[in-house]
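> For reference, the file run35.cif (mmCIF, N, CA and C atoms) is included below:
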data_run
#
loop_
_atom_site.group_PDB
_atom_site.id
_atom_site.type_symbol
_atom_site.label_atom_id
_atom_site.label_comp_id
_atom_site.auth_asym_id
_atom_site.auth_seq_id
_atom_site.Cartn_x
_atom_site.Cartn_y
_atom_site.Cartn_z
ATOM 1 N N MET A 1 204.189 127.308 97.736
ATOM 2 C CA MET A 1 205.380 127.685 96.999
ATOM 3 C C MET A 1 205.244 127.202 95.553
ATOM 4 N N MET A 2 205.640 128.047 94.622
ATOM 5 C CA MET A 2 205.536 127.703 93.203
ATOM 6 C C MET A 2 206.644 126.744 92.809
ATOM 7 N N SER A 3 206.309 125.848 91.900
ATOM 8 C CA SER A 3 207.350 124.954 91.392
ATOM 9 C C SER A 3 208.268 125.744 90.467
ATOM 10 N N ASP A 4 209.439 125.194 90.213
ATOM 11 C CA ASP A 4 210.402 125.864 89.354
ATOM 12 C C ASP A 4 209.824 126.104 87.965
ATOM 13 N N GLY A 5 209.038 125.172 87.450
ATOM 14 C CA GLY A 5 208.430 125.341 86.129
ATOM 15 C C GLY A 5 207.486 126.520 86.077
ATOM 16 N N ILE A 6 206.713 126.713 87.132
ATOM 17 C CA ILE A 6 205.779 127.840 87.164
ATOM 18 C C ILE A 6 206.548 129.147 87.248
ATOM 19 N N CYS A 7 207.579 129.210 88.076
ATOM 20 C CA CYS A 7 208.389 130.433 88.183
ATOM 21 C C CYS A 7 209.025 130.766 86.840
ATOM 22 N N ARG A 8 209.559 129.745 86.186
ATOM 23 C CA ARG A 8 210.208 129.974 84.903
ATOM 24 C C ARG A 8 209.182 130.471 83.880
ATOM 25 N N ASP A 9 207.983 129.859 83.859
ATOM 26 C CA ASP A 9 206.942 130.298 82.934
ATOM 27 C C ASP A 9 206.542 131.744 83.222
ATOM 28 N N TYR A 10 206.431 132.097 84.498
ATOM 29 C CA TYR A 10 206.071 133.455 84.891
ATOM 30 C C TYR A 10 207.140 134.434 84.416
ATOM 31 N N PHE A 11 208.392 134.074 84.620
ATOM 32 C CA PHE A 11 209.502 134.915 84.188
ATOM 33 C C PHE A 11 209.489 135.070 82.670
ATOM 34 N N GLU A 12 209.329 133.957 81.955
ATOM 35 C CA GLU A 12 209.326 134.005 80.494
ATOM 36 C C GLU A 12 208.137 134.786 79.949
ATOM 37 N N SER A 13 207.009 134.769 80.645
ATOM 38 C CA SER A 13 205.833 135.507 80.171
ATOM 39 C C SER A 13 206.063 137.017 80.208
ATOM 40 N N ALA A 14 207.046 137.458 80.968
ATOM 41 C CA ALA A 14 207.347 138.888 81.074
ATOM 42 C C ALA A 14 208.331 139.361 80.010
ATOM 43 N N GLU A 15 208.776 138.451 79.145
ATOM 44 C CA GLU A 15 209.733 138.821 78.107
ATOM 45 C C GLU A 15 209.144 139.895 77.204
ATOM 46 N N ASN A 16 209.939 140.890 76.870
ATOM 47 C CA ASN A 16 209.543 141.999 75.999
ATOM 48 C C ASN A 16 208.432 142.856 76.576
ATOM 49 N N CYS A 17 208.203 142.778 77.890
ATOM 50 C CA CYS A 17 207.201 143.620 78.552
ATOM 51 C C CYS A 17 207.912 144.686 79.372
ATOM 52 N N VAL A 18 207.275 145.834 79.464
ATOM 53 C CA VAL A 18 207.766 146.890 80.335
ATOM 54 C C VAL A 18 206.671 147.238 81.327
ATOM 55 N N ILE A 19 207.087 147.733 82.483
ATOM 56 C CA ILE A 19 206.140 148.167 83.503
ATOM 57 C C ILE A 19 206.532 149.553 83.987
ATOM 58 N N SER A 20 205.564 150.263 84.513
ATOM 59 C CA SER A 20 205.803 151.614 85.022
ATOM 60 C C SER A 20 206.555 151.564 86.347
ATOM 61 N N ARG A 21 207.091 152.699 86.734
ATOM 62 C CA ARG A 21 207.745 152.818 88.044
ATOM 63 C C ARG A 21 206.743 152.474 89.141
ATOM 64 N N LYS A 22 205.502 152.966 89.002
ATOM 65 C CA LYS A 22 204.477 152.694 90.001
ATOM 66 C C LYS A 22 204.243 151.199 90.134
ATOM 67 N N ARG A 23 204.157 150.491 89.012
ATOM 68 C CA ARG A 23 203.940 149.039 89.054
ATOM 69 C C ARG A 23 205.151 148.323 89.640
ATOM 70 N N ALA A 24 206.351 148.769 89.292
ATOM 71 C CA ALA A 24 207.560 148.148 89.844
ATOM 72 C C ALA A 24 207.574 148.289 91.367
ATOM 73 N N LEU A 25 207.254 149.480 91.867
ATOM 74 C CA LEU A 25 207.236 149.692 93.315
ATOM 75 C C LEU A 25 206.132 148.875 93.975
ATOM 76 N N TYR A 26 205.016 148.698 93.277
ATOM 77 C CA TYR A 26 203.939 147.844 93.779
ATOM 78 C C TYR A 26 204.437 146.401 93.907
ATOM 79 N N GLU A 27 205.179 145.925 92.917
ATOM 80 C CA GLU A 27 205.723 144.568 92.972
ATOM 81 C C GLU A 27 206.694 144.422 94.150
ATOM 82 N N LEU A 28 207.515 145.427 94.398
ATOM 83 C CA LEU A 28 208.393 145.378 95.560
ATOM 84 C C LEU A 28 207.567 145.267 96.834
ATOM 85 N N GLU A 29 206.502 146.070 96.920
ATOM 86 C CA GLU A 29 205.646 146.056 98.103
ATOM 87 C C GLU A 29 205.003 144.686 98.309
ATOM 88 N N THR A 30 204.528 144.059 97.232
ATOM 89 C CA THR A 30 203.880 142.749 97.367
ATOM 90 C C THR A 30 204.886 141.656 97.754
ATOM 91 N N HIS A 31 206.171 141.936 97.591
ATOM 92 C CA HIS A 31 207.216 140.995 98.001
ATOM 93 C C HIS A 31 207.864 141.429 99.316
ATOM 94 N N ASN A 32 207.161 142.301 100.063
ATOM 95 C CA ASN A 32 207.641 142.794 101.366
ATOM 96 C C ASN A 32 209.004 143.468 101.269
ATOM 97 N N LEU A 33 209.204 144.231 100.203
ATOM 98 C CA LEU A 33 210.458 144.949 99.991
ATOM 99 C C LEU A 33 210.192 146.440 99.791
ATOM 100 N N SER A 34 209.410 147.017 100.700
ATOM 101 C CA SER A 34 209.030 148.421 100.525
ATOM 102 C C SER A 34 209.705 149.361 101.521
ATOM 103 N N ASP A 35 210.666 148.850 102.297
ATOM 104 C CA ASP A 35 211.421 149.724 103.192
ATOM 105 C C ASP A 35 212.276 150.667 102.350
ATOM 106 N N PRO A 36 212.562 151.859 102.863
ATOM 107 C CA PRO A 36 213.399 152.807 102.107
ATOM 108 C C PRO A 36 214.722 152.205 101.638
ATOM 109 N N GLU A 37 215.315 151.327 102.450
ATOM 110 C CA GLU A 37 216.587 150.697 102.068
ATOM 111 C C GLU A 37 216.393 149.782 100.857
ATOM 112 N N ASP A 38 215.270 149.058 100.831
ATOM 113 C CA ASP A 38 214.972 148.171 99.705
ATOM 114 C C ASP A 38 214.788 148.971 98.420
ATOM 115 N N ILE A 39 214.052 150.055 98.523
ATOM 116 C CA ILE A 39 213.792 150.889 97.346
ATOM 117 C C ILE A 39 215.089 151.532 96.863
ATOM 118 N N ALA A 40 215.929 151.975 97.793
ATOM 119 C CA ALA A 40 217.229 152.549 97.424
ATOM 120 C C ALA A 40 218.085 151.507 96.703
ATOM 121 N N ASP A 41 218.083 150.262 97.192
ATOM 122 C CA ASP A 41 218.829 149.185 96.526
ATOM 123 C C ASP A 41 218.288 148.953 95.119
ATOM 124 N N PHE A 42 216.965 148.934 94.990
ATOM 125 C CA PHE A 42 216.330 148.732 93.686
ATOM 126 C C PHE A 42 216.774 149.820 92.711
ATOM 127 N N TYR A 43 216.680 151.081 93.122
ATOM 128 C CA TYR A 43 217.096 152.191 92.250
ATOM 129 C C TYR A 43 218.589 152.133 91.937
ATOM 130 N N ARG A 44 219.393 151.770 92.915
ATOM 131 C CA ARG A 44 220.841 151.693 92.703
ATOM 132 C C ARG A 44 221.177 150.617 91.663
ATOM 133 N N GLU A 45 220.455 149.492 91.713
ATOM 134 C CA GLU A 45 220.767 148.383 90.811
ATOM 135 C C GLU A 45 220.084 148.492 89.451
ATOM 136 N N LEU A 46 218.845 148.994 89.411
ATOM 137 C CA LEU A 46 218.112 149.052 88.146
ATOM 138 C C LEU A 46 217.946 150.470 87.603
ATOM 139 N N GLY A 47 218.262 151.462 88.419
ATOM 140 C CA GLY A 47 218.131 152.849 87.989
ATOM 141 C C GLY A 47 216.810 153.449 88.425
ATOM 142 N N ASP A 48 216.783 154.765 88.466
ATOM 143 C CA ASP A 48 215.577 155.526 88.825
ATOM 144 C C ASP A 48 214.905 155.908 87.511
ATOM 145 N N LEU A 49 214.074 155.015 86.981
ATOM 146 C CA LEU A 49 213.512 155.146 85.642
ATOM 147 C C LEU A 49 212.002 155.330 85.676
ATOM 148 N N ASP A 50 211.449 155.769 84.557
ATOM 149 C CA ASP A 50 209.988 155.856 84.423
ATOM 150 C C ASP A 50 209.384 154.506 84.064
ATOM 151 N N ILE A 51 210.140 153.694 83.315
ATOM 152 C CA ILE A 51 209.692 152.352 82.956
ATOM 153 C C ILE A 51 210.846 151.371 83.152
ATOM 154 N N TYR A 52 210.486 150.126 83.416
ATOM 155 C CA TYR A 52 211.457 149.059 83.644
ATOM 156 C C TYR A 52 211.098 147.860 82.792
ATOM 157 N N ARG A 53 212.099 147.124 82.365
ATOM 158 C CA ARG A 53 211.841 145.835 81.730
ATOM 159 C C ARG A 53 211.310 144.908 82.815
ATOM 160 N N ALA A 54 210.179 144.285 82.557
ATOM 161 C CA ALA A 54 209.538 143.442 83.567
ATOM 162 C C ALA A 54 210.463 142.322 84.024
ATOM 163 N N GLN A 55 211.203 141.716 83.112
ATOM 164 C CA GLN A 55 212.111 140.640 83.508
ATOM 165 C C GLN A 55 213.235 141.143 84.406
ATOM 166 N N ASP A 56 213.679 142.375 84.215
ATOM 167 C CA ASP A 56 214.705 142.918 85.111
ATOM 168 C C ASP A 56 214.164 143.024 86.537
ATOM 169 N N VAL A 57 212.919 143.468 86.662
ATOM 170 C CA VAL A 57 212.295 143.583 87.986
ATOM 171 C C VAL A 57 212.126 142.196 88.598
ATOM 172 N N LEU A 58 211.636 141.244 87.819
ATOM 173 C CA LEU A 58 211.465 139.877 88.335
ATOM 174 C C LEU A 58 212.804 139.275 88.740
ATOM 175 N N ARG A 59 213.825 139.509 87.940
ATOM 176 C CA ARG A 59 215.159 138.992 88.272
ATOM 177 C C ARG A 59 215.634 139.606 89.581
ATOM 178 N N TRP A 60 215.425 140.910 89.743
ATOM 179 C CA TRP A 60 215.821 141.595 90.977
ATOM 180 C C TRP A 60 215.081 141.011 92.175
ATOM 181 N N LEU A 61 213.834 140.613 91.950
ATOM 182 C CA LEU A 61 213.032 140.019 93.021
ATOM 183 C C LEU A 61 213.404 138.567 93.308
ATOM 184 N N GLY A 62 214.240 137.986 92.455
ATOM 185 C CA GLY A 62 214.719 136.639 92.698
ATOM 186 C C GLY A 62 214.051 135.539 91.900
ATOM 187 N N TYR A 63 213.310 135.895 90.882
ATOM 188 C CA TYR A 63 212.661 134.874 90.036
ATOM 189 C C TYR A 63 213.651 134.275 89.070
#
Here is a file; write its structure as structure tokens.


Amino acid sequence: MMSDGICRDYFESAENCVISRKRALYELETHNLSDPEDIADFYRELGDLDIYRAQDVLRWLGY
């Protein structure tokens, strides 16, 4: 398990970065959140977009 400092550094490193929809869905999959219900929740909360702010995705994942 990562320490709080490492999580915070990881989150901060994503500042001003964007990721593609494909990468966002890959991140959901790597966090075991690839069920249709999980993806529907993700789209409902962050929108069905072509690109996402990386920090928004990390925040949604709980970082």

> What lies within 8 Å of stretch 44-48 of chain A using all atoms listed in the file, ignoring chain neighbours under 5 positions off, as a PyMOL selection string?

chain A and resi 21+38-39+56-57

> Could you please determine the separation between atom N of A:Asp41 and atom C of A:Ser13 in Å, to one decimal place?

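Distance reported for this atom pair: 24.7 Å.
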
> May I ask for the distance between atom CA of A:Pro36 and atom CA of A:Glu15, given in Å to one decimal place?

28.0 Å

> For the structure shown, which residues end up in the PyMOL selection byres ((chain A and resi 54) around 5)? Put them as a list in words, please?

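Written out, the selection comes to Cys17, Val18, Ile19, Tyr52, Arg53, Gln55, Asp56, Val57 and Leu58 of chain A.
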
> Quick one: pull the distance between atom CA of A:Asp50 and atom CA of A:Ser20, Å, one decimal.

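These two atoms are separated by 6.0 Å.
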
> Apply the PyMOL selection byres ((chain A and resi 63) around 8) to the structure shown and report the selected residues as a VMD selection string.

chain A and resid 7 to 8 10 to 11 57 to 62

> Based on the backbone DSSP call, show me all residues of chain A assigned helix (DSSP H, G or I), as an MDAnalysis selection string.

chainID A and resid 4:13 21:30 36:46 54:61
